[in-house]
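Source file: entry_1.txt. Holds: compact mmCIF, C-alpha atoms and all ligand atoms.
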```txt
# COMPACT_ATOMS: atom_id res chain seq x y z
CA MET A 1 10.16 12.93 39.11
CA ASN A 2 7.41 14.54 37.15
CA ILE A 3 6.91 12.30 34.11
CA LEU A 4 4.95 12.72 30.89
CA ILE A 5 3.80 9.42 29.40
CA THR A 6 2.39 9.61 25.89
CA GLY A 7 0.28 6.64 24.86
CA GLY A 8 -0.28 5.59 28.46
CA ALA A 9 -3.79 4.32 27.67
CA GLY A 10 -2.32 1.76 25.28
CA TYR A 11 -0.94 -1.71 25.85
CA ILE A 12 2.70 -1.19 26.82
CA GLY A 13 2.34 2.37 28.17
CA SER A 14 -0.37 1.31 30.62
CA HIS A 15 1.85 -1.47 32.00
CA VAL A 16 4.62 1.04 32.60
CA VAL A 17 2.20 3.44 34.33
CA LYS A 18 0.92 0.57 36.49
CA GLN A 19 4.47 -0.39 37.44
CA LEU A 20 5.41 3.22 38.24
CA LEU A 21 2.34 3.47 40.48
CA ASP A 22 3.16 0.16 42.18
CA GLU A 23 6.86 0.80 42.67
CA THR A 24 7.66 4.53 42.70
CA ASN A 25 6.38 7.89 43.92
CA HIS A 26 6.77 9.68 40.60
CA ASN A 27 4.02 12.01 39.36
CA ILE A 28 2.60 10.80 36.08
CA THR A 29 0.71 12.67 33.38
CA ILE A 30 -0.68 10.56 30.56
CA ILE A 31 -1.43 12.16 27.20
CA ASP A 32 -3.40 9.88 24.88
CA ASN A 33 -5.92 10.46 22.08
CA LEU A 34 -7.58 7.07 22.77
CA SER A 35 -7.24 6.09 19.10
CA THR A 36 -6.12 2.58 20.08
CA GLY A 37 -5.88 3.14 23.82
CA SER A 38 -8.89 2.79 26.07
CA ILE A 39 -10.63 4.91 28.68
CA LYS A 40 -11.27 1.63 30.56
CA THR A 41 -7.51 1.23 30.93
CA ILE A 42 -7.28 4.75 32.36
CA LYS A 43 -10.08 3.87 34.81
CA THR A 44 -8.16 0.78 35.98
CA LEU A 45 -4.95 2.81 36.33
CA LYS A 46 -6.86 5.32 38.50
CA GLU A 47 -8.08 2.41 40.64
CA ILE A 48 -4.52 1.14 41.02
CA ALA A 49 -3.40 4.66 41.99
CA LYS A 50 -6.19 4.82 44.59
CA ILE A 51 -5.30 1.43 46.12
CA ASN A 52 -1.69 2.63 46.36
CA ASN A 53 -2.79 5.95 47.93
CA LYS A 54 -1.36 7.77 44.92
CA GLU A 55 -4.47 9.30 43.35
CA GLU A 56 -2.73 12.67 43.29
CA ASN A 57 0.16 11.17 41.35
CA LEU A 58 -1.83 10.36 38.21
CA ASP A 59 -3.33 12.77 35.69
CA PHE A 60 -4.88 11.90 32.32
CA ILE A 61 -5.26 14.39 29.48
CA GLU A 62 -7.09 13.32 26.34
CA ALA A 63 -5.15 15.05 23.57
CA ASP A 64 -3.61 14.35 20.20
CA LEU A 65 0.13 14.86 19.82
CA SER A 66 -0.49 16.57 16.48
CA ASN A 67 -2.15 19.44 18.34
CA PHE A 68 1.17 21.24 18.78
CA PRO A 69 -0.11 24.36 20.64
CA LEU A 70 -2.07 22.21 23.13
CA ILE A 71 0.91 19.90 23.78
CA GLU A 72 3.19 22.92 24.15
CA GLY A 73 0.83 24.42 26.74
CA ILE A 74 0.80 21.17 28.74
CA ILE A 75 4.59 20.83 28.67
CA LYS A 76 5.11 24.46 29.71
CA ALA A 77 2.58 24.20 32.55
CA LYS A 78 3.66 20.84 33.97
CA LYS A 79 7.46 21.26 34.07
CA PHE A 80 8.27 17.62 33.39
CA ASP A 81 11.60 16.02 34.31
CA ALA A 82 11.21 13.17 31.84
CA VAL A 83 9.12 11.93 28.92
CA ILE A 84 8.39 8.30 28.09
CA HIS A 85 7.05 8.33 24.58
CA PHE A 86 4.88 5.34 23.57
CA ALA A 87 2.23 7.02 21.41
CA ALA A 88 2.48 5.81 17.84
CA SER A 89 0.72 3.98 15.04
CA ILE A 90 2.02 0.42 15.10
CA ILE A 91 0.54 -1.81 12.40
CA VAL A 92 3.08 -2.78 9.76
CA PRO A 93 0.71 -3.65 6.83
CA GLU A 94 -1.24 -0.43 7.46
CA SER A 95 2.04 1.51 7.28
CA VAL A 96 2.67 0.07 3.81
CA LYS A 97 -0.79 1.16 2.61
CA ASN A 98 -0.80 4.53 4.39
CA PRO A 99 2.80 5.66 4.93
CA ILE A 100 1.87 9.30 5.48
CA LYS A 101 -0.12 8.37 8.60
CA TYR A 102 3.01 6.69 9.98
CA TYR A 103 5.46 9.43 9.10
CA MET A 104 3.08 12.08 10.49
CA ASN A 105 2.13 10.30 13.70
CA ASN A 106 5.40 8.58 14.44
CA THR A 107 8.07 10.86 13.02
CA VAL A 108 6.56 14.35 12.80
CA ASN A 109 4.76 14.20 16.16
CA THR A 110 7.83 12.71 17.83
CA THR A 111 10.04 15.42 16.35
CA ASN A 112 7.70 18.08 17.68
CA LEU A 113 7.67 16.44 21.12
CA ILE A 114 11.49 16.40 21.16
CA LYS A 115 11.54 20.07 20.12
CA LEU A 116 9.15 20.97 22.96
CA CYS A 117 11.37 19.07 25.40
CA LEU A 118 14.42 21.01 24.21
CA ASP A 119 12.56 24.34 24.41
CA ASN A 120 11.32 23.62 27.93
CA ASN A 121 14.30 22.01 29.61
CA VAL A 122 12.88 18.49 29.71
CA ASN A 123 16.15 16.62 29.52
CA LYS A 124 15.27 12.94 29.82
CA PHE A 125 13.53 11.15 26.96
CA ILE A 126 12.75 7.45 26.73
CA PHE A 127 11.65 6.29 23.32
CA SER A 128 9.72 3.16 22.29
CA SER A 129 11.50 1.82 19.26
CA THR A 130 11.25 -1.57 17.65
CA ALA A 131 13.14 -4.52 16.22
CA ALA A 132 11.53 -3.45 12.92
CA VAL A 133 14.38 -0.92 12.55
CA TYR A 134 16.67 -3.86 11.75
CA GLY A 135 14.56 -5.10 8.82
CA GLN A 136 15.95 -8.46 7.69
CA PRO A 137 19.06 -8.59 9.92
CA TYR A 138 22.07 -10.46 8.60
CA GLU A 139 23.08 -11.69 12.05
CA ILE A 140 21.16 -13.49 14.80
CA PRO A 141 21.02 -12.66 17.65
CA VAL A 142 20.63 -9.02 16.66
CA LYS A 143 22.95 -6.59 18.40
CA GLU A 144 22.36 -2.86 18.82
CA THR A 145 25.25 -2.39 16.38
CA THR A 146 23.67 -4.60 13.71
CA PRO A 147 22.95 -2.30 10.73
CA THR A 148 19.47 -0.78 10.71
CA LYS A 149 17.64 -1.28 7.42
CA PRO A 150 13.87 -1.08 7.88
CA ILE A 151 11.78 -2.78 5.21
CA ASN A 152 8.50 -0.96 5.85
CA PRO A 153 7.33 2.59 6.65
CA TYR A 154 6.57 1.67 10.28
CA GLY A 155 10.18 0.63 10.93
CA MET A 156 11.49 3.61 8.95
CA SER A 157 9.25 6.08 10.81
CA LYS A 158 10.74 4.79 14.09
CA LEU A 159 14.32 4.85 12.78
CA MET A 160 13.84 8.46 11.64
CA SER A 161 12.71 9.37 15.18
CA GLU A 162 15.78 7.61 16.55
CA THR A 163 17.92 9.74 14.23
CA VAL A 164 16.28 12.96 15.45
CA LEU A 165 16.97 11.90 19.05
CA LYS A 166 20.60 11.04 18.30
CA ASP A 167 21.26 14.32 16.49
CA CYS A 168 19.61 16.33 19.27
CA GLY A 169 21.63 14.42 21.87
CA LEU A 170 24.79 15.53 20.03
CA ALA A 171 23.68 19.12 19.56
CA TYR A 172 22.32 19.67 23.09
CA PRO A 173 24.55 17.93 25.67
CA ASP A 174 22.04 18.36 28.53
CA PHE A 175 19.43 16.40 26.58
CA LYS A 176 19.67 12.66 27.25
CA TYR A 177 17.69 9.84 25.71
CA ILE A 178 17.31 6.10 25.90
CA ILE A 179 16.06 4.25 22.85
CA LEU A 180 14.51 0.89 23.71
CA ARG A 181 14.12 -1.44 20.74
CA TYR A 182 11.37 -3.88 21.70
CA PHE A 183 11.19 -7.34 20.20
CA ASN A 184 7.81 -9.18 20.42
CA VAL A 185 5.93 -7.87 23.41
CA ALA A 186 3.36 -10.25 24.87
CA GLY A 187 1.30 -11.26 27.90
CA ALA A 188 -0.54 -9.17 30.47
CA ASP A 189 -0.05 -7.74 33.94
CA ILE A 190 0.99 -10.61 36.20
CA LYS A 191 -2.00 -9.75 38.47
CA ILE A 192 -4.29 -9.56 35.38
CA ARG A 193 -5.45 -6.01 36.21
CA ILE A 194 -4.63 -4.65 32.75
CA GLY A 195 -3.71 -6.07 29.34
CA GLN A 196 -4.00 -5.48 25.62
CA ARG A 197 -7.50 -4.17 24.87
CA PHE A 198 -7.36 -3.06 21.27
CA PRO A 199 -9.54 -5.29 19.05
CA ASN A 200 -8.12 -6.77 15.83
CA ALA A 201 -4.65 -7.01 17.31
CA THR A 202 -2.13 -8.75 15.11
CA HIS A 203 0.23 -9.99 17.86
CA LEU A 204 0.54 -13.78 17.72
CA ILE A 205 0.08 -14.52 21.43
CA LYS A 206 -2.93 -12.19 21.69
CA VAL A 207 -4.47 -13.80 18.60
CA ALA A 208 -3.84 -17.30 19.97
CA ALA A 209 -5.43 -16.31 23.31
CA GLU A 210 -8.47 -14.86 21.50
CA THR A 211 -8.81 -18.09 19.52
CA ALA A 212 -8.46 -20.21 22.67
CA VAL A 213 -11.35 -18.38 24.37
CA GLY A 214 -13.50 -18.65 21.23
CA LYS A 215 -13.41 -15.00 20.13
CA ARG A 216 -11.98 -16.17 16.84
CA GLU A 217 -13.16 -19.26 15.06
CA LYS A 218 -9.60 -20.09 13.94
CA MET A 219 -6.17 -18.55 13.55
CA TYR A 220 -3.67 -18.48 10.71
CA VAL A 221 -0.02 -19.47 10.46
CA PHE A 222 1.69 -17.41 7.77
CA GLY A 223 4.39 -19.52 6.14
CA THR A 224 5.55 -23.04 6.92
CA ASP A 225 8.62 -23.16 4.68
CA TYR A 226 11.04 -20.90 6.53
CA PRO A 227 14.55 -22.24 7.20
CA THR A 228 13.71 -22.94 10.86
CA LYS A 229 13.26 -26.16 12.87
CA ASP A 230 9.54 -26.51 12.07
CA GLY A 231 9.30 -24.16 9.07
CA THR A 232 7.52 -21.33 10.95
CA CYS A 233 9.00 -17.97 11.96
CA ILE A 234 10.91 -17.63 15.19
CA ARG A 235 10.52 -14.59 17.44
CA ASP A 236 11.79 -13.37 20.79
CA TYR A 237 8.73 -12.88 23.05
CA ILE A 238 9.19 -10.57 26.03
CA HIS A 239 6.63 -10.35 28.83
CA VAL A 240 5.18 -6.84 29.03
CA ASP A 241 5.96 -6.53 32.77
CA ASP A 242 9.65 -7.25 32.16
CA LEU A 243 9.58 -4.64 29.41
CA ALA A 244 7.89 -2.19 31.79
CA ASP A 245 10.71 -2.79 34.25
CA ALA A 246 13.26 -1.90 31.55
CA HIS A 247 11.62 1.57 31.36
CA ILE A 248 11.92 2.11 35.08
CA LYS A 249 15.55 1.02 34.93
CA ALA A 250 16.09 3.37 31.96
CA LEU A 251 14.77 6.33 33.98
CA GLU A 252 17.22 5.57 36.79
CA TYR A 253 20.03 4.90 34.31
CA LEU A 254 19.68 8.30 32.63
CA THR A 255 20.36 10.11 35.89
CA ASP A 256 24.04 9.08 35.91
CA ASN A 257 24.73 7.80 32.40
CA ASP A 258 24.80 8.93 28.81
CA SER A 259 22.24 8.44 26.09
CA ASP A 260 22.16 4.98 24.58
CA VAL A 261 20.24 2.35 22.61
CA PHE A 262 19.17 -1.01 24.03
CA ASN A 263 17.49 -4.13 22.68
CA CYS A 264 14.66 -5.48 24.82
CA GLY A 265 14.13 -9.19 24.44
CA TYR A 266 15.05 -12.43 26.19
CA GLY A 267 17.72 -13.57 23.73
CA TYR A 268 15.76 -16.71 22.97
CA GLY A 269 13.23 -17.46 20.26
CA TYR A 270 10.14 -19.64 19.87
CA SER A 271 8.54 -20.69 16.61
CA VAL A 272 4.94 -19.82 15.75
CA LEU A 273 4.01 -23.49 16.18
CA GLU A 274 5.67 -23.66 19.60
CA VAL A 275 3.67 -20.63 20.69
CA ILE A 276 0.40 -22.10 19.40
CA ASN A 277 1.09 -25.46 21.07
CA THR A 278 1.91 -23.72 24.34
CA MET A 279 -1.35 -21.73 24.18
CA LYS A 280 -3.24 -24.98 23.46
CA LYS A 281 -1.54 -26.60 26.45
CA VAL A 282 -2.21 -23.81 28.98
CA SER A 283 -5.81 -23.32 27.78
CA GLY A 284 -6.64 -27.00 27.32
CA VAL A 285 -8.34 -26.04 24.02
CA ASP A 286 -7.33 -27.65 20.74
CA PHE A 287 -8.39 -24.64 18.65
CA LYS A 288 -8.40 -24.58 14.86
CA VAL A 289 -5.25 -23.43 13.06
CA GLU A 290 -5.06 -22.83 9.31
CA PHE A 291 -1.75 -22.86 7.46
CA THR A 292 -1.32 -20.31 4.72
CA GLY A 293 1.42 -18.58 2.69
CA ARG A 294 4.16 -16.28 3.91
CA ARG A 295 3.44 -12.62 4.60
CA GLU A 296 5.65 -10.20 2.74
CA GLY A 297 8.56 -8.86 4.77
CA ASP A 298 8.52 -11.34 7.67
CA PRO A 299 12.11 -12.26 8.56
CA ALA A 300 12.53 -15.98 9.37
CA ILE A 301 14.18 -15.39 12.74
CA LEU A 302 14.34 -12.34 15.02
CA ILE A 303 16.12 -12.77 18.33
CA ALA A 304 17.65 -10.01 20.44
CA ASP A 305 21.13 -10.00 21.84
CA ASN A 306 20.16 -8.59 25.25
CA SER A 307 23.59 -8.59 26.86
CA LYS A 308 23.89 -4.78 26.69
CA ILE A 309 20.75 -3.99 28.71
CA LYS A 310 21.58 -6.76 31.20
CA ASN A 311 25.15 -5.57 31.72
CA LYS A 312 24.71 -1.81 31.62
CA MET A 313 21.29 -1.33 33.21
CA LYS A 314 21.36 -4.47 35.37
CA TRP A 315 17.99 -5.42 33.90
CA GLN A 316 17.00 -8.93 34.95
CA PRO A 317 13.88 -10.47 33.43
CA LYS A 318 11.51 -12.21 35.85
CA TYR A 319 8.89 -13.71 33.54
CA ASN A 320 11.10 -15.41 30.97
CA ASN A 321 8.77 -18.35 30.50
CA LEU A 322 6.54 -18.94 27.46
CA GLU A 323 3.87 -20.82 29.44
CA LEU A 324 3.60 -17.97 31.91
CA ILE A 325 3.40 -15.40 29.11
CA CYS A 326 0.64 -17.41 27.40
CA LYS A 327 -1.21 -17.92 30.70
CA THR A 328 -1.32 -14.19 31.48
CA ALA A 329 -2.50 -13.42 27.92
CA LEU A 330 -5.18 -16.10 28.25
CA GLU A 331 -6.39 -14.98 31.69
CA TRP A 332 -6.60 -11.42 30.42
CA GLU A 333 -8.66 -12.55 27.41
CA LYS A 334 -11.03 -14.42 29.74
CA LYS A 335 -11.41 -11.27 31.82
CA LEU A 336 -12.26 -9.24 28.71
CA LEU A 337 -14.82 -11.86 27.71
CA LYS A 338 -16.54 -11.60 31.11
CA GLU A 339 -16.50 -7.80 30.86
CA GLU A 340 -18.16 -7.96 27.44
CA ALA A 341 -20.82 -10.49 28.58
N1 LIG B 1 3.42 -4.07 20.83
C1 LIG B 1 4.60 -4.43 20.39
O1 LIG B 1 4.91 -5.63 20.27
C2 LIG B 1 5.64 -3.38 20.07
C3 LIG B 1 6.87 -3.81 19.54
C4 LIG B 1 7.83 -2.85 19.26
C5 LIG B 1 7.59 -1.50 19.52
N2 LIG B 1 6.39 -1.11 20.00
C6 LIG B 1 6.18 0.32 20.25
O2 LIG B 1 5.65 0.50 21.56
C7 LIG B 1 4.80 1.64 21.60
C8 LIG B 1 3.50 1.26 22.26
O3 LIG B 1 2.89 0.22 21.52
P1 LIG B 1 1.59 -0.54 22.03
O4 LIG B 1 1.70 -1.95 21.60
O5 LIG B 1 1.34 -0.21 23.43
O6 LIG B 1 0.50 0.16 21.10
P2 LIG B 1 -0.94 0.75 21.46
O7 LIG B 1 -1.61 1.05 20.17
O8 LIG B 1 -1.64 -0.14 22.44
O9 LIG B 1 -0.56 2.09 22.22
C9 LIG B 1 -0.31 3.32 21.57
C10 LIG B 1 -1.06 4.40 22.35
O10 LIG B 1 -0.77 5.67 21.79
C11 LIG B 1 -1.98 6.39 21.59
N3 LIG B 1 -1.74 7.30 20.47
C12 LIG B 1 -1.42 6.97 19.18
N4 LIG B 1 -1.25 8.08 18.45
C13 LIG B 1 -1.45 9.14 19.27
C14 LIG B 1 -1.43 10.54 19.09
N5 LIG B 1 -1.17 11.11 17.91
N6 LIG B 1 -1.69 11.33 20.16
C15 LIG B 1 -1.97 10.81 21.37
N7 LIG B 1 -2.01 9.47 21.59
C16 LIG B 1 -1.76 8.65 20.56
C17 LIG B 1 -3.04 5.34 21.35
O11 LIG B 1 -4.37 5.76 21.64
C18 LIG B 1 -2.58 4.22 22.29
O12 LIG B 1 -3.13 4.39 23.58
C19 LIG B 1 4.67 2.13 20.16
O13 LIG B 1 5.52 3.24 20.00
C20 LIG B 1 5.16 0.96 19.33
O14 LIG B 1 5.75 1.38 18.14
C21 LIG B 1 5.40 -2.02 20.27
```
Mind converting the file's structure to structure tokens?
Amino acid sequence: MNILITGGAGYIGSHVVKQLLDETNHNITIIDNLSTGSIKTIKTLKEIAKINNKEENLDFIEADLSNFPLIEGIIKAKKFDAVIHFAASIIVPESVKNPIKYYMNNTVNTTNLIKLCLDNNVNKFIFSSTAAVYGQPYEIPVKETTPTKPINPYGMSKLMSETVLKDCGLAYPDFKYIILRYFNVAGADIKIRIGQRFPNATHLIKVAAETAVGKREKMYVFGTDYPTKDGTCIRDYIHVDDLADAHIKALEYLTDNDSDVFNCGYGYGYSVLEVINTMKKVSGVDFKVEFTGRREGDPAILIADNSKIKNKMKWQPKYNNLELICKTALEWEKKLLKEEA
């Protein structure tokens, strides 16, 4: 297949590109504006392509999805079979302060990309959605049928894109999509070739790894009075390589099946304190942790019901182990530290 990957220089997109290069012969074109993605990641992906004798299979175009004529030209010229769409703005508090950025980048640019796919016969679309579409879910574990009620512009901007996809799937029967709703994505490539590069990340495991290697003096725990076993929030952490595998499965799945929505998580949750203690254990560093008040809009518990993706796509996670997730995040952070030295 000839695949367009938007946001392939970013955290999750780059892991999917790496996995496609390791495991398939697909041709890949990455479009990324490098706003949070990195040219160093692209360089590593090119090295991986070279090692796999697939240099010809990987193309990178630095472009912004809001440049509609440019994106249209690329889509017309390249005749893609499928799009995997990662590019987005992803920081929840920023979305509250600057909703227009989120609706423009996440909803408007996605709508344009879908339109260009429809205009140019690109009939497979895989979309990065998020557990944030559920808001404060009334049932745990969260099923794909649990009502969607986002509580911030980020979640709403993603839900609006989901709606565009669903309506287009109904209106144009040849057009098929898979919506993957990710829970908390964490860790790094199991061979530590790539990982999350963007500074000031807000993801708990990344922050804990940065604190363990001394990049941060301390880290914060937001809220200790939630109705959970130790009072801190519980989340479903999925290793980024298992998530990458879900995308490869989704591509195969779309060939013979209809459009659908799937949760991506392990169906098991860890508290913030459990994560921090695990990072302390694997790093051997008793780093400083400060306890502070709740953040607005954090649900106490978010755990995916993953039975649908396991049953329908035959997705089987391989790295369902918090210590392993923390270890890969830590090793990646050490690698970044060496690179910066
Ligand atoms: N990280 C998570 O835990 C998580 C959870 C749920 C959903 N998601 C979704 O997964 C996707 C990828 O997230 P990530 O964590 O890899 O984020 P990321 O910021 O690392 O990657 C996003 C990439 O898209 C690029 N990009 C952004 N806007 C663009 C534009 N207008 N034109 C071209 N490129 C653009 C960025 O430069 C970056 O490389 C996002 O859609 C996000 O909403 C992430």
(message) Could you list, as a PyMOL selection string, all protein and nucleic acid residues with an atom at most 8 Å from ligand LIG 1 (chain B), counting all atoms listed in the file?
(response) chain A and resi 6-14+31-38+62-66+85-90+105-106+109+127-132+154+158+181-186+196-198+203
Skipping near chain neighbours, those fewer than 3 positions away, what residues fall within 9 Å of Tyr268 of chain A using only C-alpha atoms, listed as an mmCIF file with C-alpha atoms, in the coordinates of the input?
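Writing done, so here's selection39.cif:
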```cif
data_model
loop_
_atom_site.group_PDB
_atom_site.id
_atom_site.type_symbol
_atom_site.label_atom_id
_atom_site.label_comp_id
_atom_site.auth_asym_id
_atom_site.auth_seq_id
_atom_site.Cartn_x
_atom_site.Cartn_y
_atom_site.Cartn_z
ATOM 1 C CA PRO A 141 21.020 -12.660 17.650
ATOM 2 C CA ARG A 235 10.520 -14.590 17.440
ATOM 3 C CA ASP A 236 11.790 -13.370 20.790
ATOM 4 C CA TYR A 237 8.730 -12.880 23.050
ATOM 5 C CA GLY A 265 14.130 -9.190 24.440
ATOM 6 C CA ILE A 303 16.120 -12.770 18.330
ATOM 7 C CA ALA A 304 17.650 -10.010 20.440
ATOM 8 C CA ASP A 305 21.130 -10.000 21.840
#
```
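Candidate residues A:Ile248, A:Leu159, A:Leu204, A:Ile84 were compared for distance to Leu20 of chain A, and the nearest is A:Ile248, using all atoms listed in the file.
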(request) Could you tell me how far atom CA of Thr232 of chain A lies from atom CA of Leu273 of chain A, in Å and to one decimal? (result)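 We find that atom CA of Thr232 of chain A and atom CA of Leu273 of chain A lie 6.7 Å from each other.
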(message) If I take atom CA of Cys326 of chain A and atom CA of Gln19 of chain A, how far is one from the other in Å, to one decimal?
(response)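 According to the coordinates, atom CA of Cys326 of chain A and atom CA of Gln19 of chain A are separated by 20.1 Å.
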(request) Provide the atom CA of Thr255 of chain A to atom CA of Thr111 of chain A distance in Å, to one decimal place. (result)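 These atoms are spaced 22.7 Å apart.
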(message) With distances taken over only C-alpha atoms, which residue among A:Ile190, A:Cys117, A:Ile301, A:Cys233 lies nearest Asp174 of chain A?
(response) A:Cys117
(message) Considering all atoms listed in the file, can you say which of A:His239, A:Lys166, A:His26, A:Lys318 comes closest to Phe125 of chain A?
(response)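 Between A:His239, A:Lys166, A:His26, A:Lys318, the residue approaching Phe125 of chain A most closely is A:Lys166.
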(request) Kindly extract all protein, DNA and RNA residues lying within 12 Å of the coordinates (-7.5, -1.9, 34.0) given in the file, considering only C-alpha atoms, and supply them as a PyMOL selection string. (result) chain A and resi 8-11+14-15+17-18+37-49+188-189+191-197+332+335-336+339
(message) Considering only C-alpha atoms, can you say which of A:Asn306, A:Asp260, A:Pro147, A:Gln316 comes closest to Ala244 of chain A?
(response)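 Between A:Asn306, A:Asp260, A:Pro147, A:Gln316, the residue approaching Ala244 of chain A most closely is A:Gln316.
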(message) Here is a test: counting all atoms listed in the file, which residue of A:Val133, A:Val272, A:Leu254, A:Val96 is nearest to Thr145 of chain A?
(response)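 Under the stated criterion, the closest residue is A:Val133.
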(message) Using all atoms listed in the file for the distances, tell me which of A:Met219, A:Leu243, A:Ile325, A:Met156 is nearest to Ile100 of chain A.
(response)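 Comparing A:Met219, A:Leu243, A:Ile325, A:Met156 against Ile100 of chain A, the winner is A:Met156.
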(request) Skip Met313 of chain A itself and residues of its chain fewer than 5 positions away, then list as a ChimeraX atom specification all residues within 9 Å of it, counting all atoms listed in the file. (result) /A:246,249-250,252-253,308
(request) Please identify all polymer residues within 8 Å of Pro153 of chain A, counting all atoms listed in the file, omitting same-chain residues fewer than 3 positions from it, and present them as an NGL selection string. (result) :A and (92 or 95-96 or 99 or 102-103 or 150 or 156-157)
Axis-aligned box over every listed atom of segment 124-143 of chain A, padded by 3 Å per side: centre and edges in Å to one decimal, as lines of an AutoDock Vina configuration file?
```
center_x = 16.4
center_y = -0.3
center_z = 18.8
size_x = 19.4
size_y = 32.4
size_z = 28.1
```
